[in-house]
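Beneath this line is the structure, given in structure tokens, with notes to follow.
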Amino acid sequence: MLEPDMSVWTGRVDTADGPTALRWHQMVKPLAPDAPPGVVLIGFACDEGVRRNGGRVGAKDGPRAIRKALANLAWHRQLPVYDAGDVRCDDGDMEGAQVRLAEAVRNAFVAGHRPLVLGGGHETAWGTYQGLMSFWSGANVGIINVDAHFDLRDDEPGNSGTPFRQMADWCQICDRWFGYMALGISVPSNTRALFDRACALEACWYLDQSLVPWNLDRVLADVKAFADHVDCLYLSIDLDVLPGTVMPAVSAPAARGVAVESVEAIIDAVVDTGKLFIADVVELNPLYDINGQGTRLAARLVWHLLNTGKPDRKQP
Ligand SMILES: N=CN[C@@H](CCC(=O)O)C(=O)O
Ligand SMILES: [Mn+2]
Ligand SMILES: [Mn+2]
């Protein structure tokens with residue numbers, strides 16, 4: 001079992017406001033055997049995928065930075081959140097680290113929890129997926145990748161640009177359906193070869209420029225239709241889908257990107273299906289952050305993922 005470093009979970013204590021004035025650092029517990037069902041945070045502290053992909057390294061510090069930014073956020077959940085600690089990749093053995101991540105994911109499922117993985121570069125996803133498929137082996141899985149990039153590269157060995165091609169290869173070997181929807185694709189950031197591969201794999205996708213608020217209804221209807229065909233959804237959020245102005249803390253910041261409100265609406269639609277079994281949030285690189293804003297936004301999206309459905313209150 002991994003060992004969480006609970007010293008990151010610190011923050012403000014609002015004693016005067018009573019027992020409901022809680023923040024995450026007061027509620028997140030280390031994962032323990034026999035803990036009641038909840039969400040398990042698993043970090044993947046790995047730079048190797050981005051390094052192999054020729055990107056800007058630093059994503060190994062993403063999991064800790066996201067936890068620190070989550071720590072002071074207000075707690076509004078009913079069900080628990082646990083910290084399982086980080087899978088580390090300090091020796092360049094990325095494939096070994098991905099197997100260890102898969103084991104941590106599987107263990108979380110076996111114990112009755114829902115894993116939420118914090119990357120790491122997008123090579124995180126290949127570990128997440130192996131863990132998911134080792135537990136839900138009979139399930140028809142739909143993959144929704146919110147990303148500026150297809151990450152269907154053919155490179156060997158794998159890197160942060162190959163995880164969904166690795167999943168597609170695995171599905172082909174196992175004679176399984178590869179259900180892949182990519183949301184936020186930037187045409188200038190993906191070569192014709194990648195579009196052709198996505199076509200050949202019968203993937204569906206929406207471009208960054210299509211994910212504008214006034215066009216979202218038809219996109220979200222398509223997300224729902226995709227979900228109708230599957231038993232279980234895996235949501236992978238690559239933070240470089242956001243505009244680089246609000247998310248500079250990634251290896252490849254987006255010149256255009258998809259607005260935060262559209263990403264939140266996608267998250268809401270995915271959660272609403274009731275079929276979301278696992279998610280990962282990847283590519284945060286605190287080295288390139290500006291005033292901590294990208295890290296705060298990453299934490300806010302994680303928070304949103306675990307706090308959907310909070311209504312407004314109209315005046316009476
Ligand atoms: N995680 C994936 N990253 C992109 C990187 C693109 C870039 O560095 O410009 C990819 O491989 O396509
Ligand atoms: Mn990606
Ligand atoms: Mn990307």
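Note on naming: chains are A, B, ... as they come in the structure tokens, residues start from 1 per chain, ligands start from 1 in the order shown.
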
Neighbours of ligand 1 within 7 Å, counting only C-alpha atoms and all ligand atoms, as an MDAnalysis selection string?
chainID A and resid 50 53:55 121:122 149:151 153 160:161 189:190 251:252

Same residues, C-alpha atoms, saved as a CSV table (one decimal), in the first residue's frame:
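Saved result, result05.csv, follows:
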```csv
chain,number,residue,atom,x,y,z
A,50,VAL,CA,6.5,14.4,-20.9
A,53,ASN,CA,7.5,13.3,-25.6
A,54,GLY,CA,10.0,16.2,-25.8
A,55,GLY,CA,7.9,18.5,-23.5
A,121,GLY,CA,1.7,13.8,-17.7
A,122,HIS,CA,-0.9,12.2,-19.8
A,149,HIS,CA,-4.6,16.7,-28.2
A,150,PHE,CA,-5.7,13.2,-29.4
A,151,ASP,CA,-2.7,11.6,-27.7
A,153,ARG,CA,0.7,9.0,-31.2
A,160,SER,CA,2.5,11.4,-22.7
A,161,GLY,CA,1.3,11.6,-26.3
A,189,SER,CA,-1.9,21.1,-32.5
A,190,ASN,CA,-2.7,17.7,-34.1
A,251,SER,CA,3.8,21.5,-20.9
A,252,ALA,CA,1.9,22.8,-23.9
```

With only C-alpha atoms as the counted atoms, please give the residues lying no more than 12 Å from A:Val263, apart from itself and same-chain residues fewer than 2 positions off, as a PyMOL selection string.
chain A and resi 145-148+183-184+208+211-213+216+219-220+235-243+257-261+265-270+297-298+300-302+304-305

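Considering only C-alpha atoms and all ligand atoms, the residue among A:Tyr180, A:Tyr234, A:Phe277, A:Phe164 positioned nearest to ligand 3 is A:Phe164.
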
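Residue neighbourhood of stretch 125-142 of chain A, excluding near-sequence residues (fewer than 3 positions): A:Gln98, A:Leu101, A:Ala102, A:Glu103, A:Val105, A:Arg106, A:His122, A:Pro163, A:Gly179, A:Val230, A:Asp231, A:Cys232, A:Leu233, at 6 Å, using only C-alpha atoms.
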
Of A:Gly112, A:Glu283, A:Glu202, A:Gly49, the one sitting nearest A:Thr162 when using only C-alpha atoms is A:Gly49

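For the pair atom CA of A:Trp214 and atom CA of A:Arg313, the interatomic distance is 23.8 Å.
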
Enumerate as a VMD selection string all residues of stretch 18-224 of chain A assigned to helix (DSSP H, G or I) by DSSP on the backbone, naming them with the chain letters and numbers the document uses.
chain A and resid 24 to 27 48 to 52 59 to 71 94 to 110 124 to 135 163 to 173 187 to 189 192 to 200 208 to 210 213 to 224

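Proximity to ligand 2 was assessed for A:Asp5, A:Glu123, A:Asp175, A:Asp312 counting only C-alpha atoms and all ligand atoms; the smallest distance is recorded for A:Glu123.
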
Run DSSP on the backbone and give me the residues of stretch 38-191 of chain A it puts in strand (DSSP E or B), as a PyMOL selection string.
chain A and resi 39-45+74+81-88+114-119+141-146+179-185

Give me a file of those residues, with N, CA and C atoms, as an mmCIF file, in the first residue's frame.
```
data_model
loop_
_atom_site.group_PDB
_atom_site.id
_atom_site.type_symbol
_atom_site.label_atom_id
_atom_site.label_comp_id
_atom_site.auth_asym_id
_atom_site.auth_seq_id
_atom_site.Cartn_x
_atom_site.Cartn_y
_atom_site.Cartn_z
ATOM 1 N N VAL A 39 -14.294 8.539 -2.374
ATOM 2 C CA VAL A 39 -13.392 8.813 -3.492
ATOM 3 C C VAL A 39 -11.959 8.708 -2.982
ATOM 4 N N VAL A 40 -11.117 8.033 -3.750
ATOM 5 C CA VAL A 40 -9.708 7.878 -3.361
ATOM 6 C C VAL A 40 -8.825 8.682 -4.310
ATOM 7 N N LEU A 41 -8.084 9.629 -3.752
ATOM 8 C CA LEU A 41 -7.109 10.385 -4.547
ATOM 9 C C LEU A 41 -5.823 9.568 -4.638
ATOM 10 N N ILE A 42 -5.372 9.355 -5.876
ATOM 11 C CA ILE A 42 -4.105 8.649 -6.105
ATOM 12 C C ILE A 42 -3.235 9.546 -6.974
ATOM 13 N N GLY A 43 -2.052 9.903 -6.497
ATOM 14 C CA GLY A 43 -1.158 10.748 -7.299
ATOM 15 C C GLY A 43 -0.256 9.900 -8.189
ATOM 16 N N PHE A 44 0.080 10.456 -9.356
ATOM 17 C CA PHE A 44 1.059 9.801 -10.232
ATOM 18 C C PHE A 44 2.161 10.824 -10.479
ATOM 19 N N ALA A 45 3.208 10.739 -9.645
ATOM 20 C CA ALA A 45 4.284 11.748 -9.661
ATOM 21 C C ALA A 45 5.325 11.346 -10.692
ATOM 22 N N ALA A 74 -13.594 24.845 0.603
ATOM 23 C CA ALA A 74 -14.710 24.498 1.488
ATOM 24 C C ALA A 74 -15.212 23.088 1.192
ATOM 25 N N VAL A 81 -13.615 11.525 1.225
ATOM 26 C CA VAL A 81 -12.485 11.536 0.285
ATOM 27 C C VAL A 81 -11.265 11.036 1.057
ATOM 28 N N TYR A 82 -10.527 10.118 0.434
ATOM 29 C CA TYR A 82 -9.318 9.573 1.052
ATOM 30 C C TYR A 82 -8.108 9.901 0.190
ATOM 31 N N ASP A 83 -6.969 9.990 0.848
ATOM 32 C CA ASP A 83 -5.706 10.166 0.128
ATOM 33 C C ASP A 83 -4.929 8.855 0.214
ATOM 34 N N ALA A 84 -4.624 8.294 -0.975
ATOM 35 C CA ALA A 84 -3.865 7.035 -0.999
ATOM 36 C C ALA A 84 -2.379 7.276 -1.190
ATOM 37 N N GLY A 85 -1.966 8.532 -1.394
ATOM 38 C CA GLY A 85 -0.545 8.806 -1.623
ATOM 39 C C GLY A 85 -0.203 8.780 -3.099
ATOM 40 N N ASP A 86 1.089 8.820 -3.376
ATOM 41 C CA ASP A 86 1.577 8.922 -4.758
ATOM 42 C C ASP A 86 2.284 7.650 -5.215
ATOM 43 N N VAL A 87 2.043 7.300 -6.476
ATOM 44 C CA VAL A 87 2.931 6.371 -7.182
ATOM 45 C C VAL A 87 4.023 7.241 -7.781
ATOM 46 N N ARG A 88 5.279 6.907 -7.516
ATOM 47 C CA ARG A 88 6.389 7.730 -8.004
ATOM 48 C C ARG A 88 7.115 7.035 -9.153
ATOM 49 N N ARG A 114 -14.222 4.886 -5.476
ATOM 50 C CA ARG A 114 -14.042 5.407 -6.841
ATOM 51 C C ARG A 114 -12.713 6.161 -6.865
ATOM 52 N N PRO A 115 -11.785 5.747 -7.733
ATOM 53 C CA PRO A 115 -10.483 6.423 -7.782
ATOM 54 C C PRO A 115 -10.538 7.726 -8.574
ATOM 55 N N LEU A 116 -9.777 8.697 -8.122
ATOM 56 C CA LEU A 116 -9.557 9.934 -8.869
ATOM 57 C C LEU A 116 -8.040 10.146 -8.902
ATOM 58 N N VAL A 117 -7.481 10.039 -10.102
ATOM 59 C CA VAL A 117 -6.028 10.042 -10.234
ATOM 60 C C VAL A 117 -5.557 11.439 -10.608
ATOM 61 N N LEU A 118 -4.500 11.888 -9.921
ATOM 62 C CA LEU A 118 -3.912 13.196 -10.203
ATOM 63 C C LEU A 118 -2.547 12.982 -10.854
ATOM 64 N N GLY A 119 -2.425 13.450 -12.153
ATOM 65 C CA GLY A 119 -1.141 13.275 -12.850
ATOM 66 C C GLY A 119 -0.155 14.321 -12.402
ATOM 67 N N VAL A 141 -16.527 -0.049 -21.864
ATOM 68 C CA VAL A 141 -16.031 1.218 -21.311
ATOM 69 C C VAL A 141 -15.975 2.307 -22.376
ATOM 70 N N GLY A 142 -16.500 3.472 -22.047
ATOM 71 C CA GLY A 142 -16.375 4.636 -22.918
ATOM 72 C C GLY A 142 -15.348 5.591 -22.325
ATOM 73 N N ILE A 143 -14.433 6.053 -23.179
ATOM 74 C CA ILE A 143 -13.371 6.962 -22.731
ATOM 75 C C ILE A 143 -13.698 8.357 -23.238
ATOM 76 N N ILE A 144 -13.756 9.319 -22.331
ATOM 77 C CA ILE A 144 -13.937 10.718 -22.744
ATOM 78 C C ILE A 144 -12.675 11.473 -22.363
ATOM 79 N N ASN A 145 -11.958 11.954 -23.370
ATOM 80 C CA ASN A 145 -10.711 12.682 -23.148
ATOM 81 C C ASN A 145 -10.937 14.164 -23.444
ATOM 82 N N VAL A 146 -10.882 14.977 -22.400
ATOM 83 C CA VAL A 146 -11.046 16.430 -22.566
ATOM 84 C C VAL A 146 -9.638 16.995 -22.724
ATOM 85 N N GLY A 179 -14.032 2.664 -27.408
ATOM 86 C CA GLY A 179 -14.971 3.795 -27.466
ATOM 87 C C GLY A 179 -14.276 5.050 -26.990
ATOM 88 N N TYR A 180 -13.992 5.943 -27.913
ATOM 89 C CA TYR A 180 -13.148 7.100 -27.573
ATOM 90 C C TYR A 180 -13.770 8.382 -28.099
ATOM 91 N N MET A 181 -14.016 9.319 -27.181
ATOM 92 C CA MET A 181 -14.532 10.641 -27.544
ATOM 93 C C MET A 181 -13.528 11.676 -27.040
ATOM 94 N N ALA A 182 -13.031 12.537 -27.936
ATOM 95 C CA ALA A 182 -12.068 13.575 -27.549
ATOM 96 C C ALA A 182 -12.752 14.941 -27.663
ATOM 97 N N LEU A 183 -12.662 15.718 -26.606
ATOM 98 C CA LEU A 183 -13.365 17.004 -26.563
ATOM 99 C C LEU A 183 -12.369 18.137 -26.341
ATOM 100 N N GLY A 184 -12.293 19.036 -27.328
ATOM 101 C CA GLY A 184 -11.419 20.205 -27.195
ATOM 102 C C GLY A 184 -10.235 20.193 -28.142
ATOM 103 N N ILE A 185 -10.304 19.328 -29.133
ATOM 104 C CA ILE A 185 -9.176 19.125 -30.056
ATOM 105 C C ILE A 185 -8.832 20.419 -30.806
#
```

If you measure from atom CA of A:Gly38 to atom CA of A:Pro80, what distance in Å do you get, rounded to one decimal?
4.8 Å

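Counting from atom CA of A:Leu22, the distance to atom CA of A:Gly309 is 19.0 Å.
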
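Closest approach to ligand 2 among A:Val223, A:Cys204, A:Leu152, A:Ile278 is made by A:Leu152 (distances from only C-alpha atoms and all ligand atoms).
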